[in-house]
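Undergrad: Sharing a structure, written as structure tokens. Questions coming.
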Amino acid sequence: MKSVAILYLILSLLSCDKADKAVEPNTIDAQTISNVAYGSESKQKMDIYLPANRNSTDTKLIVLIHGGGWSAGDKQDFNTFIAELQRRLPNYAIANLNYQLAENSNNLFPTQENDIENAIAFLVSKSAEYKISKRYALLGASAGAHLALLHAYKHNTDSHIKAVISLFGPTELVSLYNDPIISSLPLLLSGVLGGTPTTKPAIYQQSSPYNFVSAQSCPTLLFHGGADQVIPASQSTILRDKLAANGVSNQYVFYPTEGHGWIGVNLTDSFDKVVAFLQQHMP
């Protein structure tokens with residue numbers, strides 16, 4: 001009897017082990033990884049927010065790029081929006097980028113452009129480790145929107161960028177320099193680009209997203225305020241018109257009374273439109 005009892009116990013344990021394995025959910029916990037380095041410089045870092053139950057087939061990535069005139073700002077500027085994006089798009093991963101800033105004649109353009117390119121390449125290389133797909137959307141504000149648009153149109157050779165979203169971003173830098181809405185803008189541009197459109201025409205041409213629009217450009221969502229006293233709304237409308245002329249899917253959202261950023265009802269509306277845009281173009 002004793003041997004029978006031992007055999008029964010062993011069979012029971014094996015049965016429980018199989019049952020546990022059979023019902024064990026295939027879950028992956030959500031994860032936040034702060035200050036992940038994508039280069040050796042101190043500013044070449046990003047925060048990564050990975051959702052629960054992610055996988056390399058369905059989990060898409062939103063890449064956030066902060067503004068600040070290419071010479072200021074920080075990824076923390078987007079921190080207050082991350083929780084809202086996670087609430088509205090719970091199955092998306094988020095990467096929030098820093099990049100090197102132009103200051104005192106150091107890190108002039110295209111340093112920032114190159115940093116975004118390196119950050120995207122890093123994320124692509126980590127897709128299997130992070131268990132996310134290689135389907136990305138870029139979202140930037142002001143100078144960050146410029147960097148998002150520039151990468152999406154100029155460097156998307158592997159077609160990983162499926163959509164790009166610009167919040168009041170510069171798009172054509174020669175006209176921005178020659179017809180500024182504020183007197184300090186030409187000084188800022190010449191300081192960041194190392195000269196004027198006359199002395200450095202190539203860098204202005206190569207740094208303008210407008211110049212790289214083609215029929216293959218990814219769907220684009222543009223936001224702008226009619227009372228913007230930093231970047232004129234014409235920077236978005238000329239890009240909208242060129243996208244349309246090339247048959248590129250695009251949407252332009254204009255808030256007549258808003259400035260260089262907004263809160264309240266229009267911010268809620270912006271989130272609504274971002275979600276709808278991504279669901280349409282990154283289903």
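Going through the structure tokens in order, the chains are called A, B, and so on, while each chain numbers its residues from 1 and the ligands are numbered from 1 in the order shown.
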Can you tell me which residues surround His66 of chain A at a distance of at most 8 Å, considering only C-alpha atoms, apart from same-chain residues fewer than 6 positions away, and format the answer as a count of residues only?

TA: 13

Undergrad: Pick the closest to Glu117 of chain A from A:Asn91, A:Gln44, A:Gln31, A:Thr80: which is it, counting only C-alpha atoms?

TA: A:Gln44

Undergrad: Nearest residue to Ile203 of chain A out of A:Ala119, A:Leu173, A:Ala102, A:Val230, using only C-alpha atoms?

TA: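 Checking each candidate against Ile203 of chain A, we get A:Leu173 as the closest.
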
Undergrad: Using only C-alpha atoms, which residues sit within 6 Å of segment 163-168 of chain A once same-chain residues fewer than 4 positions away are excluded, as JSON, numbers by chain?

TA: {"A": [137, 138, 139, 140, 141, 142, 145, 218, 219, 220, 221, 222, 223, 224]}

Undergrad: Write the residues you've just listed into a file as an mmCIF file, in the first residue's frame, and include C-alpha atoms for each of them.

TA:
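For reference, again_36.cif as written:
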```cif
data_model
loop_
_atom_site.group_PDB
_atom_site.id
_atom_site.type_symbol
_atom_site.label_atom_id
_atom_site.label_comp_id
_atom_site.auth_asym_id
_atom_site.auth_seq_id
_atom_site.Cartn_x
_atom_site.Cartn_y
_atom_site.Cartn_z
ATOM 1 C CA ALA A 137 5.335 56.362 -36.141
ATOM 2 C CA LEU A 138 7.278 59.549 -35.449
ATOM 3 C CA LEU A 139 5.727 62.398 -33.453
ATOM 4 C CA GLY A 140 7.548 65.656 -32.813
ATOM 5 C CA ALA A 141 6.853 69.162 -31.570
ATOM 6 C CA SER A 142 8.384 72.296 -33.125
ATOM 7 C CA ALA A 145 8.574 67.879 -35.556
ATOM 8 C CA CYS A 218 4.562 58.121 -45.490
ATOM 9 C CA PRO A 219 1.149 59.408 -44.351
ATOM 10 C CA THR A 220 1.477 62.716 -42.521
ATOM 11 C CA LEU A 221 -0.602 64.494 -39.873
ATOM 12 C CA LEU A 222 0.083 68.222 -39.420
ATOM 13 C CA PHE A 223 -1.104 70.453 -36.563
ATOM 14 C CA HIS A 224 -0.721 74.223 -36.429
#
```

Undergrad: Which is closer to Ile132 of chain A than all the others in A:His260, A:His151, A:Lys273, A:Arg54, using only C-alpha atoms?

TA: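 Ranked by minimum distance to Ile132 of chain A, first place goes to A:Arg54.
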
Undergrad: Under the rule that only C-alpha atoms are counted, which of A:Asn156, A:Gln112, A:Ser133, A:Asn53 is the nearest residue to Pro90 of chain A?

TA: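 Residue with the minimum atom-to-atom distance to Pro90 of chain A: A:Asn53.
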
Undergrad: What does the distance from atom CA of Gln216 of chain A to atom CA of Arg240 of chain A come to in Å, to one decimal?

TA: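 Computed distance, atom CA of Gln216 of chain A to atom CA of Arg240 of chain A, equals 14.8 Å.
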
Undergrad: Atom CA of Asn246 of chain A and atom CA of Asp272 of chain A are how many Å apart?

TA: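 It comes out at 26.5 Å.
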
Undergrad: Between atom CA of Gln86 of chain A and atom CA of Val274 of chain A, what is the distance in Å, rounded to a tenth?

TA: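 According to the coordinates, atom CA of Gln86 of chain A and atom CA of Val274 of chain A are separated by 12.6 Å.
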
Undergrad: Contacts of Asn35 of chain A at 6 Å or less, counting only C-alpha atoms, minus same-chain residues fewer than 3 places along, as a PyMOL selection string?

TA: chain A and resi 45-47

Undergrad: Looking at only C-alpha atoms, which of A:Ala276, A:Gln100, A:Gln76, A:Ala121 is the one that sits closest to Glu41 of chain A?

TA: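 Between A:Ala276, A:Gln100, A:Gln76, A:Ala121, the residue approaching Glu41 of chain A most closely is A:Gln100.
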
Undergrad: Using only C-alpha atoms, which residue out of A:Val253, A:Ile28, A:Leu50, A:Leu149 lies closest to Gly226 of chain A?

TA: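 The shortest atom-to-atom distance to Gly226 of chain A comes from A:Val253.
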
Undergrad: Among segment 65-280 of chain A, which ones does DSSP assign to helix (DSSP H, G or I) (computed from the backbone)? Answer as a ChimeraX atom specification.

TA: /A:75-88,111-125,127-130,143-154,173-178,185-193,201-206,209-212,234-245,264-280
